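*Asks:* Below is the file input-v4.tsv, with TSV, C-alpha atoms.
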```
chain	number	residue	atom	x	y	z
L	1173	MET	CA	-18.71	28.19	14.25
L	1174	SER	CA	-19.45	24.65	13.10
L	1175	GLU	CA	-22.90	23.25	13.50
L	1176	SER	CA	-23.15	20.57	16.20
L	1177	LYS	CA	-25.59	17.69	16.25
L	1178	GLN	CA	-27.38	16.58	19.40
L	1179	ILE	CA	-26.88	12.84	19.79
L	1180	ALA	CA	-29.80	11.08	21.46
L	1181	ASP	CA	-28.30	7.70	22.24
L	1182	HIS	CA	-25.37	5.34	21.78
L	1183	GLU	CA	-26.69	4.04	18.43
L	1184	ASP	CA	-26.91	7.59	17.02
L	1185	ALA	CA	-23.38	8.33	18.19
L	1186	LEU	CA	-22.05	5.18	16.51
L	1187	ASP	CA	-23.98	5.92	13.33
L	1188	LEU	CA	-22.56	9.45	13.18
L	1189	TYR	CA	-19.01	8.19	13.88
L	1190	PHE	CA	-19.10	5.45	11.24
L	1191	ASN	CA	-20.63	7.80	8.66
L	1192	GLU	CA	-17.64	10.10	9.24
L	1193	MET	CA	-15.30	7.12	8.65
L	1194	LEU	CA	-16.94	6.31	5.32
L	1195	VAL	CA	-16.71	9.85	3.97
L	1196	ASP	CA	-13.62	10.52	1.87
L	1197	SER	CA	-11.02	12.86	3.30
L	1198	THR	CA	-7.52	13.81	2.34
L	1199	ALA	CA	-4.90	11.15	2.82
L	1200	ASP	CA	-3.54	11.41	6.35
L	1201	ILE	CA	-0.70	8.89	6.33
L	1202	VAL	CA	2.94	9.91	6.26
L	1203	THR	CA	5.39	7.25	5.20
L	1204	GLY	CA	8.94	6.89	3.98
L	1205	GLU	CA	10.06	4.63	1.19
L	1206	THR	CA	9.01	1.06	1.88
L	1207	THR	CA	8.81	-2.03	-0.24
L	1208	VAL	CA	5.82	-4.19	0.58
L	1209	ARG	CA	6.23	-7.90	-0.01
L	1210	LEU	CA	3.00	-9.43	1.18
L	1211	ASP	CA	1.77	-12.32	-0.91
L	1212	LYS	CA	-1.62	-11.02	-2.02
L	1213	ALA	CA	-2.55	-14.52	-3.19
L	1214	LYS	CA	-2.59	-15.53	0.48
L	1215	LEU	CA	-5.19	-12.85	1.24
L	1216	THR	CA	-8.78	-13.33	0.24
L	1217	SER	CA	-9.22	-10.83	-2.58
L	1218	GLU	CA	-12.45	-9.03	-1.73
L	1219	TYR	CA	-15.19	-9.57	0.79
L	1220	ASP	CA	-18.02	-11.79	-0.42
L	1221	LEU	CA	-21.04	-9.55	0.03
L	1222	THR	CA	-23.35	-12.58	0.17
L	1223	LYS	CA	-21.79	-14.74	2.92
L	1224	PRO	CA	-21.15	-14.21	6.65
L	1225	PHE	CA	-17.51	-14.42	7.70
L	1226	GLN	CA	-15.55	-14.92	10.90
L	1227	ALA	CA	-13.58	-11.91	12.11
L	1228	LEU	CA	-11.26	-11.00	14.94
L	1229	LEU	CA	-12.12	-7.79	16.82
L	1230	PHE	CA	-9.10	-5.84	18.02
L	1231	ASP	CA	-8.47	-2.41	19.45
L	1232	ILE	CA	-6.25	0.42	18.26
L	1233	ASN	CA	-6.10	3.09	20.97
L	1234	GLY	CA	-9.86	2.85	21.54
L	1235	LEU	CA	-10.93	2.27	17.91
L	1236	GLN	CA	-12.30	-1.24	17.37
L	1237	LEU	CA	-11.35	-2.91	14.09
L	1238	ALA	CA	-12.29	-6.27	12.58
L	1239	ILE	CA	-10.12	-8.44	10.36
L	1240	ARG	CA	-11.07	-11.73	8.73
L	1241	THR	CA	-9.63	-14.66	10.64
L	1242	GLU	CA	-8.64	-16.33	7.34
L	1243	ASP	CA	-6.21	-13.44	6.71
L	1244	ILE	CA	-4.43	-14.00	10.06
L	1245	LYS	CA	-1.39	-16.24	10.31
L	1246	ALA	CA	-0.62	-15.77	14.04
L	1247	ILE	CA	-0.99	-13.43	17.01
L	1248	PHE	CA	1.98	-12.71	19.29
L	1249	PRO	CA	2.42	-10.58	22.40
L	1250	TRP	CA	4.36	-7.38	21.81
L	1251	PRO	CA	8.09	-8.23	21.84
L	1252	GLU	CA	10.04	-7.21	24.94
L	1253	THR	CA	13.19	-6.66	22.87
L	1254	LEU	CA	13.72	-3.54	20.82
L	1255	LEU	CA	12.50	-3.75	17.26
L	1256	GLU	CA	15.10	-3.59	14.52
L	1257	GLN	CA	14.89	-0.42	12.45
L	1258	SER	CA	15.14	-1.28	8.79
L	1259	HIS	CA	16.91	0.97	6.28
L	1260	GLY	CA	14.92	4.16	5.79
L	1261	SER	CA	12.31	3.33	8.43
L	1262	SER	CA	13.31	6.07	10.89
L	1263	ASN	CA	11.17	8.57	8.97
L	1264	ASN	CA	8.49	6.06	8.15
L	1265	GLU	CA	5.45	6.54	10.39
L	1266	ALA	CA	3.68	3.53	8.85
L	1267	ILE	CA	6.31	0.98	9.90
L	1268	ILE	CA	7.34	0.62	13.56
L	1269	GLY	CA	10.25	-1.72	12.80
L	1270	SER	CA	11.10	-5.37	12.20
L	1271	TYR	CA	11.00	-8.36	14.50
L	1272	ASN	CA	12.94	-11.55	13.83
L	1273	LEU	CA	10.99	-14.70	14.58
L	1274	ALA	CA	12.83	-17.93	13.76
L	1275	ALA	CA	14.01	-17.45	10.16
L	1276	ASN	CA	11.33	-14.90	9.37
L	1277	GLN	CA	11.67	-11.12	9.58
L	1278	ILE	CA	8.27	-9.55	10.34
L	1279	LYS	CA	7.76	-5.88	9.50
L	1280	ILE	CA	5.34	-4.37	11.98
L	1281	ILE	CA	2.83	-1.85	10.66
L	1282	ASN	CA	2.06	1.11	12.90
L	1283	THR	CA	-1.67	0.54	12.63
L	1284	ALA	CA	-2.54	3.57	14.79
L	1285	ASN	CA	-0.76	5.95	12.41
L	1286	ILE	CA	-2.72	4.56	9.48
L	1287	VAL	CA	-6.25	4.22	10.86
L	1288	LEU	CA	-6.48	7.07	13.38
L	1289	PRO	CA	-7.04	10.67	12.30
L	1290	ILE	CA	-3.98	12.89	12.79
L	1291	GLN	CA	-5.50	14.70	15.78
L	1292	HIS	CA	-5.86	11.35	17.65
L	1293	ARG	CA	-2.28	10.14	17.13
L	1294	ARG	CA	-0.81	11.80	20.21
L	1295	ASN	CA	-0.21	9.86	23.43
L	1296	ILE	CA	-0.76	6.49	21.80
L	1297	ALA	CA	0.04	3.62	24.16
L	1298	ILE	CA	2.71	1.05	23.34
L	1299	PRO	CA	1.03	-1.84	21.46
L	1300	SER	CA	0.36	-5.08	23.34
L	1301	PHE	CA	0.08	-7.48	20.39
L	1302	MET	CA	1.09	-7.99	16.80
L	1303	ILE	CA	-1.28	-9.72	14.38
L	1304	VAL	CA	0.76	-11.50	11.70
L	1305	VAL	CA	-0.99	-11.58	8.31
L	1306	GLY	CA	-0.56	-13.14	4.88
L	1307	GLU	CA	2.66	-15.14	4.45
L	1308	GLY	CA	3.91	-13.93	7.81
L	1309	ASN	CA	6.16	-11.10	6.63
L	1310	TRP	CA	3.89	-8.35	8.00
L	1311	ALA	CA	2.05	-7.72	11.25
L	1312	LEU	CA	-0.46	-5.16	12.47
L	1313	SER	CA	0.32	-3.58	15.83
L	1314	CYS	CA	-2.65	-3.47	18.21
L	1315	HIS	CA	-3.45	-2.59	21.80
L	1316	LYS	CA	-6.06	-5.20	22.68
L	1317	ILE	CA	-7.47	-8.45	21.28
L	1318	ASN	CA	-11.21	-8.48	21.90
L	1319	SER	CA	-13.05	-11.51	20.49
L	1320	VAL	CA	-13.88	-13.58	17.42
L	1321	ILE	CA	-17.31	-12.88	15.93
L	1322	ILE	CA	-19.37	-13.66	12.85
L	1323	LEU	CA	-20.18	-10.66	10.66
L	1324	ALA	CA	-23.12	-10.81	8.27
L	1325	PRO	CA	-22.65	-8.79	5.05
L	1326	GLU	CA	-26.13	-7.23	5.35
L	1327	ASP	CA	-25.13	-5.71	8.73
L	1328	ILE	CA	-22.13	-3.95	7.21
L	1329	ARG	CA	-22.15	-0.55	5.58
L	1330	TRP	CA	-19.68	-1.29	2.74
L	1331	ARG	CA	-17.55	1.50	1.29
L	1332	LYS	CA	-18.37	2.40	-2.27
L	1333	ASN	CA	-15.55	4.88	-2.96
L	1334	LYS	CA	-12.16	3.40	-2.09
L	1335	GLY	CA	-10.03	6.39	-3.12
L	1336	THR	CA	-9.03	7.40	0.41
L	1337	ARG	CA	-8.70	5.16	3.44
L	1338	PRO	CA	-8.15	2.08	1.26
L	1339	TRP	CA	-7.61	0.07	4.46
L	1340	LEU	CA	-11.33	0.51	5.30
L	1341	ALA	CA	-13.73	-2.02	3.72
L	1342	GLY	CA	-16.76	-0.87	5.68
L	1343	THR	CA	-18.26	-0.47	9.13
L	1344	SER	CA	-20.68	-2.37	11.34
L	1345	ILE	CA	-22.75	-0.26	13.72
L	1346	GLU	CA	-24.16	-3.37	15.42
L	1347	LYS	CA	-20.65	-4.63	16.33
L	1348	SER	CA	-19.16	-1.12	16.73
L	1349	CYS	CA	-16.22	-1.80	14.41
L	1350	SER	CA	-14.50	-0.81	11.20
L	1351	ILE	CA	-13.65	-3.70	8.85
L	1352	VAL	CA	-10.05	-3.82	7.60
L	1353	ASN	CA	-9.36	-4.39	3.91
L	1354	LEU	CA	-5.87	-5.91	4.02
L	1355	ILE	CA	-5.30	-5.66	0.27
L	1356	GLY	CA	-6.18	-1.96	0.43
L	1357	LEU	CA	-3.80	-1.56	3.36
L	1358	VAL	CA	-0.98	-3.32	1.50
L	1359	ASN	CA	-1.60	-1.19	-1.59
L	1360	LEU	CA	-1.41	1.91	0.62
L	1361	LEU	CA	2.08	0.90	1.73
L	1362	THR	CA	3.47	0.27	-1.74
L	1363	PRO	CA	6.00	2.86	-2.98
L	1364	LYS	CA	3.83	4.08	-5.87
L	1365	ASN	CA	1.16	5.21	-3.36
L	1366	LEU	CA	3.57	7.03	-1.07
L	1367	ALA	CA	4.10	10.03	-3.32
```
Just dump the structure as structure tokens.

*Replies:*
Amino acid sequence: MSESKQIADHEDALDLYFNEMLVDSTADIVTGETTVRLDKAKLTSEYDLTKPFQALLFDINGLQLAIRTEDIKAIFPWPETLLEQSHGSSNNEAIIGSYNLAANQIKIINTANIVLPIQHRRNIAIPSFMIVVGEGNWALSCHKINSVIILAPEDIRWRKNKGTRPWLAGTSIEKSCSIVNLIGLVNLLTPKNLA
């Protein structure tokens, strides 16, 4: 029987949860063959550990994530029309499908299947929004847009080992969120990392 820990308050529960997020585990993403064409030059390379930054808080089936506002191109409500399934995407749990907006085809990332542990991927609600990032060719699916906040680097527990969960830059207990590393997420979706 596994040893359980008595949690005294909300802060202890958050601390325990975020510590679990920062610990390496086996890769738990299943994807098909996908070519990622997100202009990395349009994403800020790494977080500046010395300066506060503005971030959007959003929700993935109860998990609150933060993404830098400078990495966001637009936010749209979830499309009412069916998403187009691109070649080979039927077996790809990381990509929900494509959405045509004007002359741009946006591939929508199934954020829940990337950030949630396997045991929490059942009964996931239909997303309510898509957050378009980079050049506008990719979007993150999400269930709720929360607010825009300022995150101070000293309040973030930054990840040191980026071998697994490359999408996770760190966590903030004070703001109850995990910080998304978009470059790590894009690298996770490249074909060489799908083997």

*Asks:* With the cut-off set at 9 Å and counting only C-alpha atoms, tabulate each residue of range 1296-1339 of chain L with an atom at most that distance from an atom of range 1241-1255 of chain L, showing the nearest atom pair and its distance in Å to one decimal, ordered by chain and increasing number, as CSV.

*Replies:*
```
residue,atom,partner,partner_atom,distance
L:Ile1298,CA,L:Trp1250,CA,8.7
L:Pro1299,CA,L:Trp1250,CA,6.5
L:Ser1300,CA,L:Trp1250,CA,4.9
L:Phe1301,CA,L:Pro1249,CA,4.4
L:Met1302,CA,L:Phe1248,CA,5.4
L:Ile1303,CA,L:Ile1247,CA,4.6
L:Val1304,CA,L:Ala1246,CA,5.1
L:Val1305,CA,L:Ile1244,CA,4.6
L:Gly1306,CA,L:Asp1243,CA,5.9
L:Glu1307,CA,L:Lys1245,CA,7.2
L:Gly1308,CA,L:Lys1245,CA,6.3
L:Ala1311,CA,L:Ile1247,CA,8.7
L:Ser1313,CA,L:Trp1250,CA,8.2
L:Cys1314,CA,L:Trp1250,CA,8.8
L:Val1320,CA,L:Thr1241,CA,8.1
```

*Asks:* Can you measure CA of His1315 in chain L to CA of Arg1331 in chain L for me? One decimal in Å is fine.

*Replies:*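 So the answer is 25.2 Å.
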
*Asks:* What is the distance between CA of Asp1231 in chain L and CA of Lys1316 in chain L, in Å to one decimal?

*Replies:*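 Result for CA of Asp1231 in chain L versus CA of Lys1316 in chain L: 4.9 Å, one decimal.
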
*Asks:* My list of candidates is L:Ile1268, L:Ile1280, L:Ile1296, L:Ala1324. Which is closest to Gly1234 in chain L when distances are computed with all atoms listed in the file?

*Replies:*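 Of all the options, L:Ile1296 lies closest to Gly1234 in chain L.
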
*Asks:* From the list L:Ala1297, L:Leu1361, L:Phe1230, L:Ser1319, which residue is nearest Lys1279 in chain L when using all atoms listed in the file?

*Replies:*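 Selected residue with least distance to Lys1279 in chain L: L:Leu1361.
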